[in-house]
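Dumped data_2.txt below, it's compact mmCIF, C-alpha atoms:
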```
# COMPACT_ATOMS: atom_id res chain seq x y z
CA MET A 26 110.58 98.26 39.56
CA SER A 27 112.70 96.32 37.10
CA THR A 28 116.12 97.70 36.25
CA PRO A 29 116.72 97.91 32.48
CA HIS A 30 119.84 96.53 30.88
CA THR A 31 122.34 99.35 30.48
CA GLN A 32 124.10 99.79 27.13
CA GLN A 33 127.70 100.76 26.58
CA PRO A 34 127.80 104.42 25.52
CA THR A 35 128.53 105.13 21.86
CA ASP A 36 128.20 108.24 19.70
CA LEU A 37 124.75 107.09 18.52
CA HIS A 38 123.51 106.46 22.04
CA PHE A 39 124.84 109.84 23.12
CA GLU A 40 123.14 111.52 20.16
CA THR A 41 119.84 109.86 21.10
CA ALA A 42 120.07 111.18 24.67
CA THR A 43 121.01 114.62 23.37
CA LEU A 44 118.03 114.63 21.00
CA LEU A 45 115.72 113.77 23.89
CA ASP A 46 117.15 116.63 25.94
CA SER A 47 116.68 119.02 23.00
CA CYS A 48 113.05 117.93 22.49
CA CYS A 49 112.38 118.45 26.20
CA GLU A 50 113.79 121.96 26.02
CA LEU A 51 111.79 122.80 22.86
CA VAL A 52 108.46 121.83 24.44
CA ARG A 53 109.32 123.44 27.78
CA ARG A 54 109.87 126.84 26.15
CA HIS A 55 106.29 127.09 24.91
CA VAL A 56 104.11 124.90 27.14
CA LEU A 57 103.68 124.47 30.89
CA LEU A 58 103.89 120.78 31.73
CA THR A 59 105.07 118.57 34.56
CA SER A 60 108.50 116.97 34.31
CA GLU A 61 106.84 113.58 33.73
CA GLN A 62 104.79 114.96 30.85
CA LEU A 63 107.82 116.62 29.31
CA ASN A 64 109.78 113.36 29.43
CA VAL A 65 106.97 111.44 27.72
CA LEU A 66 106.50 114.05 24.99
CA ALA A 67 110.23 114.13 24.25
CA VAL A 68 110.46 110.35 23.82
CA TRP A 69 107.19 110.34 21.84
CA ILE A 70 108.69 112.83 19.36
CA LEU A 71 111.55 110.43 18.68
CA HIS A 72 109.00 107.62 18.43
CA THR A 73 107.39 109.37 15.45
CA TRP A 74 110.77 109.24 13.70
CA ALA A 75 111.29 105.59 14.68
CA ILE A 76 107.78 104.37 13.84
CA GLU A 77 109.22 101.71 11.49
CA ALA A 78 110.77 99.98 14.51
CA ALA A 79 107.56 99.81 16.56
CA ASP A 80 104.79 97.22 16.69
CA PHE A 81 102.52 99.59 18.63
CA THR A 82 102.12 103.35 18.67
CA PRO A 83 100.95 105.01 21.89
CA TYR A 84 98.56 107.89 21.34
CA LEU A 85 98.94 111.19 23.14
CA HIS A 86 95.61 112.35 24.56
CA ILE A 87 96.04 116.02 25.43
CA THR A 88 93.07 117.08 27.53
CA ALA A 89 91.90 119.81 29.91
CA PRO A 90 88.76 120.68 31.87
CA GLU A 91 88.32 124.05 30.13
CA LYS A 92 89.38 126.06 27.09
CA GLU A 93 92.62 128.06 26.93
CA CYS A 94 94.70 125.51 28.82
CA GLY A 95 97.28 125.00 26.05
CA LYS A 96 95.98 121.86 24.33
CA SER A 97 96.23 123.25 20.81
CA ARG A 98 99.57 124.84 21.62
CA VAL A 99 101.01 121.40 22.38
CA LEU A 100 99.91 120.22 18.92
CA ASP A 101 101.42 123.37 17.39
CA VAL A 102 104.78 122.68 19.04
CA LEU A 103 104.68 119.02 18.00
CA GLU A 104 103.92 120.07 14.43
CA THR A 105 107.30 121.79 14.20
CA VAL A 106 109.35 118.73 15.13
CA VAL A 107 107.53 115.41 14.59
CA ARG A 108 107.90 113.29 11.46
CA LYS A 109 105.51 114.20 8.59
CA PRO A 110 102.99 116.17 10.67
CA GLU A 111 99.35 116.28 9.50
CA LYS A 112 97.30 118.57 11.73
CA THR A 113 93.56 118.61 11.19
CA GLY A 114 90.35 119.51 12.95
CA GLY A 115 87.85 119.25 10.12
CA MET A 116 88.93 116.81 7.39
CA SER A 117 86.25 114.66 5.76
CA ALA A 118 86.13 110.95 6.54
CA ALA A 119 87.22 109.94 3.01
CA ALA A 120 90.09 112.45 2.92
CA LEU A 121 91.26 111.46 6.39
CA MET A 122 91.49 107.72 5.63
CA ARG A 123 93.19 108.32 2.29
CA THR A 124 95.70 110.71 3.82
CA VAL A 125 96.65 108.25 6.54
CA ASN A 126 96.80 105.35 4.08
CA SER A 127 98.98 107.08 1.50
CA ASP A 128 101.26 109.28 3.63
CA SER A 129 101.49 107.46 7.00
CA PRO A 130 101.85 110.84 8.72
CA THR A 131 101.98 111.82 12.36
CA LEU A 132 98.31 112.65 12.76
CA LEU A 133 97.57 115.64 15.00
CA LEU A 134 93.82 115.78 15.68
CA ASP A 135 92.56 118.98 17.31
CA GLU A 136 89.12 119.51 18.90
CA VAL A 137 88.59 115.75 19.02
CA ASP A 138 85.76 116.20 21.54
CA THR A 139 83.67 118.05 18.94
CA THR A 140 84.66 115.51 16.29
CA PHE A 141 82.98 112.69 18.21
CA LYS A 142 79.86 114.82 18.71
CA GLY A 143 79.70 116.12 15.13
CA ASN A 144 79.30 114.53 11.71
CA ARG A 145 78.59 110.85 12.21
CA ASP A 146 80.67 109.66 9.23
CA VAL A 147 83.71 111.65 10.34
CA ALA A 148 83.29 110.53 13.96
CA GLU A 149 83.13 106.86 12.96
CA ALA A 150 86.10 107.26 10.61
CA VAL A 151 88.21 108.80 13.39
CA ARG A 152 87.07 106.14 15.85
CA GLY A 153 87.99 103.38 13.39
CA ILE A 154 91.39 104.88 12.62
CA LEU A 155 92.19 105.20 16.30
CA ASN A 156 90.91 101.75 17.27
CA GLU A 157 92.62 99.90 14.43
CA GLY A 158 95.68 102.09 13.93
CA PHE A 159 97.28 101.33 17.28
CA ARG A 160 98.93 98.12 16.10
CA ARG A 161 101.18 97.58 13.09
CA GLY A 162 99.13 96.02 10.32
CA GLY A 163 95.90 97.65 11.50
CA ASN A 164 93.61 98.51 8.63
CA ILE A 165 90.06 99.48 7.71
CA ARG A 166 88.11 98.04 4.80
CA ARG A 167 85.60 100.10 2.82
CA CYS A 168 83.59 99.51 -0.35
CA LYS A 169 84.56 101.93 -3.09
CA PRO A 170 81.93 103.14 -5.60
CA PRO A 171 80.88 102.82 -8.36
CA ASP A 172 81.59 99.07 -8.53
CA TRP A 173 81.81 98.75 -4.72
CA GLU A 174 85.05 96.86 -4.64
CA VAL A 175 86.55 96.39 -1.19
CA GLN A 176 89.46 98.74 -0.56
CA THR A 177 91.91 98.37 2.34
CA PHE A 178 93.18 101.46 4.16
CA HIS A 179 96.30 101.06 6.30
CA VAL A 180 95.92 103.26 9.38
CA PHE A 181 98.97 102.51 11.54
CA CYS A 182 100.76 105.78 12.30
CA PRO A 183 101.59 108.01 15.30
CA LYS A 184 98.64 110.07 16.56
CA ALA A 185 98.10 112.86 19.05
CA LEU A 186 94.61 114.13 19.84
CA ALA A 187 93.57 117.19 21.81
CA GLY A 188 90.18 118.04 23.27
CA ILE A 189 88.20 118.79 26.40
CA GLY A 190 87.13 115.89 28.58
CA ARG A 191 87.17 112.16 28.00
CA VAL A 192 87.56 110.04 24.89
CA PRO A 193 85.90 106.63 24.34
CA ASP A 194 87.31 103.91 26.59
CA THR A 195 88.79 101.91 23.70
CA ILE A 196 90.82 104.96 22.68
CA ALA A 197 91.74 105.93 26.24
CA SER A 198 93.27 102.49 26.79
CA ARG A 199 95.59 103.11 23.81
CA SER A 200 96.62 106.56 25.00
CA ILE A 201 98.95 108.35 27.37
CA THR A 202 96.94 111.19 28.88
CA VAL A 203 98.54 114.62 29.19
CA GLU A 204 96.29 116.71 31.45
CA MET A 205 96.69 120.45 30.94
CA ARG A 206 95.90 123.29 33.33
CA ARG A 207 95.40 127.00 32.64
CA LYS A 208 98.41 129.18 33.47
CA ARG A 209 98.45 131.25 36.62
CA LYS A 210 99.17 134.96 36.22
CA SER A 211 102.54 134.31 37.79
CA GLU A 212 103.45 131.67 35.18
CA SER A 213 104.73 132.40 31.70
CA VAL A 214 106.22 130.77 28.59
CA GLU A 215 107.82 132.12 25.46
CA ASP A 216 105.53 133.47 22.76
CA PHE A 217 104.88 131.03 19.94
CA ARG A 218 104.73 131.98 16.27
CA MET A 219 104.47 129.03 13.91
CA ARG A 220 106.64 130.48 11.15
CA ASP A 221 109.43 131.45 13.54
CA ALA A 222 109.14 128.17 15.44
CA LYS A 223 109.47 126.07 12.28
CA ILE A 224 112.58 127.96 11.26
CA ALA A 225 114.08 127.61 14.73
CA ALA A 226 113.35 123.86 14.74
CA ILE A 227 115.07 123.14 11.38
CA PRO A 228 118.44 122.09 12.89
CA LEU A 229 116.71 119.73 15.34
CA VAL A 230 114.53 118.26 12.59
CA GLU A 231 117.60 117.63 10.43
CA ARG A 232 119.27 115.78 13.29
CA LEU A 233 116.11 113.74 13.89
CA LEU A 234 115.97 112.84 10.19
CA ALA A 235 119.58 111.67 10.23
CA TRP A 236 118.92 109.66 13.39
CA SER A 237 115.89 107.97 11.77
CA GLU A 238 118.13 106.79 8.92
CA SER A 239 120.81 105.40 11.23
CA GLU A 240 121.32 101.90 12.60
CA ALA A 241 119.41 102.98 15.72
CA ILE A 242 116.14 101.97 14.03
CA GLU A 243 117.27 98.41 13.42
CA THR A 244 118.44 98.13 17.02
CA LEU A 245 115.10 99.43 18.29
CA ARG A 246 113.27 96.92 16.12
CA GLY A 247 114.83 94.08 18.09
CA ALA A 248 114.48 95.72 21.52
CA ARG A 249 112.58 93.91 24.27
CA PRO A 250 112.50 96.41 27.16
CA GLU A 251 111.69 95.50 30.74
CA PHE A 252 108.49 97.05 32.08
CA PRO A 253 107.86 98.75 35.41
CA ASP A 254 106.36 96.43 37.99
CA GLY A 255 102.58 96.16 37.83
CA PHE A 256 102.13 97.17 34.18
CA LYS A 257 99.31 95.19 32.57
CA ASP A 258 99.15 94.01 28.95
CA ARG A 259 97.78 97.22 27.44
CA GLN A 260 100.11 99.40 29.49
CA GLN A 261 103.02 97.32 28.23
CA ASP A 262 101.88 97.79 24.62
CA VAL A 263 101.57 101.55 25.16
CA SER A 264 104.94 101.97 26.84
CA GLU A 265 107.09 99.48 24.90
CA PRO A 266 108.28 101.74 22.03
CA LEU A 267 109.03 104.61 24.44
CA LEU A 268 110.96 102.38 26.82
CA ALA A 269 113.00 100.98 23.91
CA ILE A 270 114.08 104.48 22.87
CA ALA A 271 114.93 105.52 26.43
CA ASP A 272 116.97 102.35 26.97
CA PHE A 273 118.85 102.99 23.73
CA ALA A 274 119.62 106.55 24.83
CA GLY A 275 121.02 105.35 28.13
CA SER A 276 122.30 107.86 30.67
CA GLU A 277 119.44 108.85 33.00
CA TRP A 278 116.69 108.32 30.42
CA PRO A 279 115.77 104.69 31.22
CA ALA A 280 114.99 105.64 34.82
CA ARG A 281 113.34 108.94 33.88
CA ILE A 282 110.86 107.46 31.40
CA ARG A 283 109.96 104.55 33.66
CA GLN A 284 109.25 106.87 36.55
CA SER A 285 107.25 109.19 34.28
CA LEU A 286 105.16 106.41 32.75
CA SER A 287 104.51 104.90 36.18
CA VAL A 288 103.17 108.23 37.43
CA ILE A 289 100.99 108.96 34.39
CA LEU A 290 99.70 105.49 33.61
CA GLY A 291 99.33 104.67 37.30
CA ALA A 292 97.11 107.74 37.76
CA GLU A 293 94.96 106.64 34.82
CA VAL A 294 94.43 103.22 36.38
CA SER A 295 93.47 104.66 39.77
CA GLU A 296 90.97 107.04 38.17
CA ASP A 297 89.47 104.15 36.31
CA THR A 298 88.20 105.19 32.90
CA SER A 299 85.60 102.45 32.50
CA LEU A 300 82.02 103.08 33.60
CA GLY A 301 81.48 99.34 33.83
CA VAL A 302 84.38 98.94 36.25
CA THR A 303 83.14 101.94 38.23
CA LEU A 304 79.75 100.25 38.51
CA LEU A 305 81.20 96.91 39.62
CA SER A 306 83.39 98.63 42.20
CA GLY A 307 80.43 100.57 43.61
CA ILE A 308 78.32 97.42 43.90
CA ARG A 309 81.14 95.58 45.66
CA ASN A 310 81.42 98.37 48.22
CA ILE A 311 77.65 98.26 48.77
CA PHE A 312 77.70 94.54 49.52
CA ARG A 313 80.73 94.94 51.80
CA THR A 314 78.81 97.41 53.98
CA ARG A 315 75.53 95.48 54.15
CA SER A 316 74.63 93.55 57.27
CA GLY A 317 71.76 91.57 58.69
CA MET A 318 69.65 88.86 57.12
CA ASP A 319 69.77 90.45 53.62
CA SER A 320 73.53 91.08 53.54
CA ASP A 321 74.07 88.75 50.55
CA ARG A 322 71.16 89.90 48.37
CA ILE A 323 69.44 93.09 47.30
CA LEU A 324 66.47 94.15 45.15
CA SER A 325 67.23 95.88 41.83
CA ALA A 326 65.41 99.10 42.74
CA GLU A 327 67.22 99.36 46.07
CA LEU A 328 70.63 98.73 44.47
CA ALA A 329 70.00 101.43 41.86
CA SER A 330 68.88 103.82 44.59
CA VAL A 331 71.99 103.25 46.71
CA LEU A 332 74.22 103.70 43.65
CA ARG A 333 72.57 107.05 42.91
CA GLU A 334 73.48 108.21 46.41
CA ILE A 335 77.24 107.66 45.90
CA GLU A 336 78.83 111.09 45.94
CA GLY A 337 80.86 111.91 42.84
CA SER A 338 79.54 108.95 40.83
CA PRO A 339 77.91 109.29 37.38
CA TRP A 340 74.73 107.48 38.46
CA PRO A 341 72.67 110.42 39.83
CA ASP A 342 72.90 112.16 36.43
CA TRP A 343 72.59 109.01 34.35
CA ASP A 344 70.05 108.90 31.50
CA ASN A 345 69.96 112.66 30.87
CA GLY A 346 69.60 113.53 34.52
CA ARG A 347 66.89 111.01 35.37
CA GLY A 348 69.35 108.81 37.26
CA LEU A 349 70.20 105.13 37.07
CA ASN A 350 67.15 102.89 37.49
CA ALA A 351 66.67 99.11 37.67
CA ASN A 352 66.39 98.71 33.88
CA GLY A 353 69.49 100.79 33.23
CA LEU A 354 71.37 98.82 35.84
CA ALA A 355 70.43 95.53 34.17
CA LYS A 356 71.65 96.84 30.78
CA ARG A 357 74.99 97.96 32.22
CA LEU A 358 75.55 94.60 33.94
CA LYS A 359 74.48 92.41 31.02
CA PRO A 360 77.90 92.49 29.21
CA TYR A 361 79.47 90.97 32.34
CA GLY A 362 77.05 88.04 32.32
CA ILE A 363 75.13 89.39 35.33
CA HIS A 364 71.34 89.27 35.16
CA PRO A 365 68.61 90.05 37.72
CA GLY A 366 66.69 87.12 39.18
CA THR A 367 64.06 86.45 41.77
CA VAL A 368 65.42 86.95 45.27
CA ARG A 369 63.77 86.53 48.65
CA ILE A 370 64.54 89.14 51.28
CA SER A 371 63.14 89.78 54.75
CA SER A 372 60.46 92.15 53.43
CA GLY A 373 59.30 89.97 50.55
CA THR A 374 60.24 88.71 47.11
CA GLY A 375 61.23 90.58 43.95
CA LYS A 376 63.75 91.00 41.14
CA GLY A 377 67.26 91.56 42.34
CA TYR A 378 70.80 90.25 42.69
CA LYS A 379 72.80 88.02 45.00
CA ARG A 380 76.38 88.61 46.03
CA GLU A 381 77.44 85.43 44.24
CA ASP A 382 76.20 86.89 40.93
CA PHE A 383 79.09 89.36 40.98
CA THR A 384 82.04 87.37 42.32
CA ASP A 385 83.33 86.26 38.91
CA ALA A 386 83.22 89.80 37.47
CA TRP A 387 84.83 91.26 40.59
CA GLU A 388 87.74 88.84 40.31
CA ARG A 389 88.21 89.49 36.59
CA TYR A 390 87.87 93.27 36.40
CA LEU A 391 88.63 94.75 39.84
CA PRO A 392 91.81 94.82 41.89
CA PRO A 393 91.67 92.76 45.09
CA ALA A 394 89.56 94.39 47.78
CA PRO A 395 91.17 95.28 51.10
CA GLU A 396 90.63 92.65 53.72
CA GLU A 397 87.62 93.29 55.91
CA PRO A 398 88.60 93.78 59.55
CA ILE A 399 87.83 90.77 61.70
CA PRO A 400 85.80 91.81 64.76
CA SER A 401 87.83 91.47 67.92
CA VAL A 402 86.44 89.45 70.81
CA THR A 403 86.71 91.07 74.22
CA PRO A 404 87.62 88.44 76.79
CA VAL A 405 85.30 88.01 79.77
CA THR A 406 87.06 89.25 82.86
CA THR A 407 84.20 88.89 85.38
CA PRO A 408 84.52 85.62 87.27
CA VAL A 409 81.77 83.19 86.39
CA ASP A 410 80.93 80.56 88.96
CA ILE A 411 79.76 77.45 87.10
CA VAL A 412 80.66 74.31 88.93
CA ASP A 413 78.20 71.87 87.49
CA CYS A 414 76.79 72.23 83.99
CA SER A 415 74.66 69.11 84.13
CA PRO A 416 71.39 70.96 84.95
CA PHE A 417 71.65 72.77 81.58
CA LYS A 418 70.14 71.17 78.53
CA ALA A 419 69.12 72.38 75.07
CA VAL A 420 65.38 72.67 74.53
CA THR A 421 63.10 73.59 71.67
CA ASP A 422 59.75 75.08 72.54
CA SER A 423 57.59 78.09 71.81
CA HIS A 424 59.66 80.25 74.17
CA VAL A 425 62.92 79.74 72.26
CA THR A 426 63.67 82.09 69.40
CA GLU A 427 65.48 80.58 66.40
CA TRP A 428 68.53 82.60 65.48
CA PRO A 429 69.18 82.89 61.73
CA ILE A 430 72.73 82.14 60.63
CA ARG A 431 74.05 84.48 57.91
CA GLU A 432 75.26 82.92 54.71
CA SER A 433 78.55 84.70 54.27
CA PRO A 434 82.20 83.81 53.67
CA ARG A 435 82.69 83.79 57.43
CA GLN A 436 79.62 82.22 59.04
CA SER A 437 79.05 82.63 62.73
CA SER A 438 78.24 79.62 64.86
CA ALA A 439 75.31 80.59 67.06
CA VAL A 440 75.03 79.10 70.51
CA THR A 441 71.68 77.38 70.97
CA ALA A 442 69.63 78.95 73.71
CA VAL A 443 69.55 76.84 76.82
CA THR A 444 67.30 76.75 79.84
CA ALA A 445 67.83 75.27 83.25
CA ALA A 446 66.45 71.78 83.85
CA LYS A 447 63.84 71.39 86.50
CA GLY A 448 64.92 69.78 89.73
CA GLU A 449 63.16 67.02 91.58
CA ALA A 450 60.78 69.50 93.18
CA GLY A 451 59.73 70.70 89.74
CA GLN A 452 61.34 74.12 90.21
CA SER A 453 63.96 75.59 87.92
CA GLU A 454 67.36 75.72 89.48
CA SER A 455 68.96 79.10 88.95
CA LYS A 456 72.43 78.89 87.43
CA ARG A 457 74.62 81.58 85.92
CA PHE A 458 75.69 80.88 82.35
CA VAL A 459 77.23 82.57 79.35
CA SER A 460 75.81 82.56 75.84
CA GLY A 461 77.16 84.22 72.74
CA VAL A 462 78.96 83.68 69.45
CA LEU A 463 81.67 81.07 69.14
```

Reformat the file's structure so that it appears as structure tokens.
Amino acid sequence: MSTPHTQQPTDLHFETATLLDSCCELVRRHVLLTSEQLNVLAVWILHTWAIEAADFTPYLHITAPEKECGKSRVLDVLETVVRKPEKTGGMSAAALMRTVNSDSPTLLLDEVDTTFKGNRDVAEAVRGILNEGFRRGGNIRRCKPPDWEVQTFHVFCPKALAGIGRVPDTIASRSITVEMRRKRKSESVEDFRMRDAKIAAIPLVERLLAWSESEAIETLRGARPEFPDGFKDRQQDVSEPLLAIADFAGSEWPARIRQSLSVILGAEVSEDTSLGVTLLSGIRNIFRTRSGMDSDRILSAELASVLREIEGSPWPDWDNGRGLNANGLAKRLKPYGIHPGTVRISSGTGKGYKREDFTDAWERYLPPAPEEPIPSVTPVTTPVDIVDCSPFKAVTDSHVTEWPIRESPRQSSAVTAVTAAKGEAGQSESKRFVSGVL
């Protein structure tokens, strides 16, 4: 992991670190989170006050498998301390875009899972705001009645969204996921009352406001932080503004936020949020385990059937419980430039795929596969008495079976079957010999 450049401590750097500590303590009092999640939320709170210095704004996706896990409580706590909070769970599409355009608030979206399943106009408005509002300068254009002139809505602003389950992949890639769990009976936090919490947070908010008007913002605008090893382009975009703030704070915060982001974003990569990537990975594993004459090709129906048998995959329940079939498989693979064709296998001919159809997509979208183990060759220890090999010669007749050679990255060289040459008396001379794979 790269080591960030350390800054000389000043009063402003010390105040930044102190603000981060205070934000951590505020969230910890009312919500049960891991230390990594607390670190990210603390830096994200300062990010809302330093939004003018950022080119990207990472979204917080606060999710849980069930209700009553504290998702809404996180938004409540954030509402007391972030810059210009705007919490909503049921605003119309028109009001939402105009609010974001005119106020540039910190948007706190609750029940986002029901939003995407509800009113279509609102769902599309939220999707557009989240897709376009990740980058500075992001905007949405709409025609405004009655003369239908084109109006531009600027939608770049900090956003946190809470809901059960997943969000669309395009939004997930712009987010830092905070996974919540229901409290055990042995666990507890302080009671939360919004009116009391807002009053208690006033001194911290005043300090944050003063910090946002200091020279720290101009310094952050020119920051170019070093990223943890292995972060890809989108992960760098998501983490850049948070890393810049942690580096400015100094002390232990540069190391803390890098470790926290590596844990959270690394877990998201390993879980793999894309169904397409999940499909490509499953197909690669299927080809890696195939053997025999048809190891490099497979019929569409068979491939879909094997995918449905993968435990824990989405394919058995695909298409409203009917399962993934050949047509559905073709539709999922089409965006990757993979199409079924006529393939010949040992049992006949039909529509299917060859291994080579997938190699380009595997290289582009999947991490390198572990090396396949190379079969070990057990040396022959039994003495073999072959003094003269001249009586042996290769023959081709009806008694010799042709061995097929697999077309694979590592082809085997088959030894041609041999038979003993007849001697002068017309009888085969018995000789011991070894045949096998070279």

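What separates atom CA of Ala271 of chain A from atom CA of Pro110 of chain A is a distance of 22.5 Å.
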
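The spacing separating atom CA of Gly158 of chain A from atom CA of Thr105 of chain A amounts to 22.9 Å.
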
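Relative to atom CA of Leu71 of chain A, atom CA of Glu251 of chain A is found at 19.2 Å.
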
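Closest approach to Ser97 of chain A among A:Arg309, A:Lys184, A:Arg209, A:Lys112: A:Lys112, based on all atoms listed in the file.
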
Note to self: Under the rule that only C-alpha atoms are counted, which of A:Asp194, A:Asp382, A:Glu215, A:Glu61 is the nearest residue to Gln284 of chain A?
What the structure shows: A:Glu61

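With all atoms listed in the file as the atoms that count, the residue of A:Met205, A:Leu300, A:Leu63, A:Leu155 with the shortest distance to Glu50 of chain A is A:Leu63.
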
Notebook entry, point to check: Could you list as JSON, numbers by chain every residue that has an atom within 10 Å of (87.5, 119.3, 14.2), using the file's coordinates and counting all atoms listed in the file?
Noted result: {"A": [113, 114, 115, 116, 117, 134, 135, 136, 137, 138, 139, 140, 141, 142, 143, 144, 147, 148, 187, 188]}

Checklist line | Long-range neighbours of segment 91-93 of chain A as a ChimeraX atom specification, 7 Å cut-off, all atoms listed in the file, 2 positions minimum in chain | finding: /A:89,95,189,207

Margin query: Restricting the calculation to all atoms listed in the file: of A:His72, A:Ser325, A:Val302, A:Arg218, which residue gets closest to Arg98 of chain A?
Written below: A:Arg218

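Distances to Gly353 of chain A were evaluated for A:Arg333, A:His38, A:Arg167, A:Arg53 using only C-alpha atoms, and the minimum falls at A:Arg333.
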
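Across A:Ala269, A:Asp36, A:Ser127, A:Thr43, the tightest approach to Glu243 of chain A is made by A:Ala269 when counting all atoms listed in the file.
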
Next item on the list: Would you list the residues near (75.4, 88.8, 35.0), meaning any protein, DNA or RNA residue with an atom at most 12 Å from that point in file coordinates, counting all atoms listed in the file, as a PyMOL selection string?
Entry: chain A and resi 305+354-366+377-387

Residues from the last selection, C-alpha atoms, saved as an mmCIF file, in the frame of the given file:
```
data_model
loop_
_atom_site.group_PDB
_atom_site.id
_atom_site.type_symbol
_atom_site.label_atom_id
_atom_site.label_comp_id
_atom_site.auth_asym_id
_atom_site.auth_seq_id
_atom_site.Cartn_x
_atom_site.Cartn_y
_atom_site.Cartn_z
ATOM 1 C CA LEU A 305 81.200 96.910 39.620
ATOM 2 C CA LEU A 354 71.370 98.820 35.840
ATOM 3 C CA ALA A 355 70.430 95.530 34.170
ATOM 4 C CA LYS A 356 71.650 96.840 30.780
ATOM 5 C CA ARG A 357 74.990 97.960 32.220
ATOM 6 C CA LEU A 358 75.550 94.600 33.940
ATOM 7 C CA LYS A 359 74.480 92.410 31.020
ATOM 8 C CA PRO A 360 77.900 92.490 29.210
ATOM 9 C CA TYR A 361 79.470 90.970 32.340
ATOM 10 C CA GLY A 362 77.050 88.040 32.320
ATOM 11 C CA ILE A 363 75.130 89.390 35.330
ATOM 12 C CA HIS A 364 71.340 89.270 35.160
ATOM 13 C CA PRO A 365 68.610 90.050 37.720
ATOM 14 C CA GLY A 366 66.690 87.120 39.180
ATOM 15 C CA GLY A 377 67.260 91.560 42.340
ATOM 16 C CA TYR A 378 70.800 90.250 42.690
ATOM 17 C CA LYS A 379 72.800 88.020 45.000
ATOM 18 C CA ARG A 380 76.380 88.610 46.030
ATOM 19 C CA GLU A 381 77.440 85.430 44.240
ATOM 20 C CA ASP A 382 76.200 86.890 40.930
ATOM 21 C CA PHE A 383 79.090 89.360 40.980
ATOM 22 C CA THR A 384 82.040 87.370 42.320
ATOM 23 C CA ASP A 385 83.330 86.260 38.910
ATOM 24 C CA ALA A 386 83.220 89.800 37.470
ATOM 25 C CA TRP A 387 84.830 91.260 40.590
#
```

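Once Ala67 of chain A and its same-chain neighbours fewer than 3 positions away are set aside, A:Leu45, A:Cys48, A:Cys49, A:Asn64, A:Ile70 remain within 6 Å of it when counting all atoms listed in the file.
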
Next item on the list: Identify, on the basis of only C-alpha atoms, every residue whose closest approach to segment 327-332 of chain A does not exceed 10 Å; exclude the query and any residue fewer than 3 positions from it along the same chain; express the result as number ranges by chain.
Entry: A: 304, 307-308, 311-312, 322-324, 335-336, 338-341, 348-355, 377-378

Checklist line | Contacts of Phe273 of chain A at 9 Å (all atoms listed in the file; same-chain gap of 3+ positions) as a ChimeraX atom specification | finding: /A:31-32,37-38,41-42,241,244-245,248,268-270,278-279

Give the padded box for segment 346-356 of chain A as AutoDock Vina command-line options: axis-aligned, covering all atoms listed in the file, 4 Å on each side, centre and edge lengths in Å to one decimal.
```
--center_x 69.0 --center_y 104.5 --center_z 34.2 --size_x 13.3 --size_y 26.0 --size_z 14.9
```
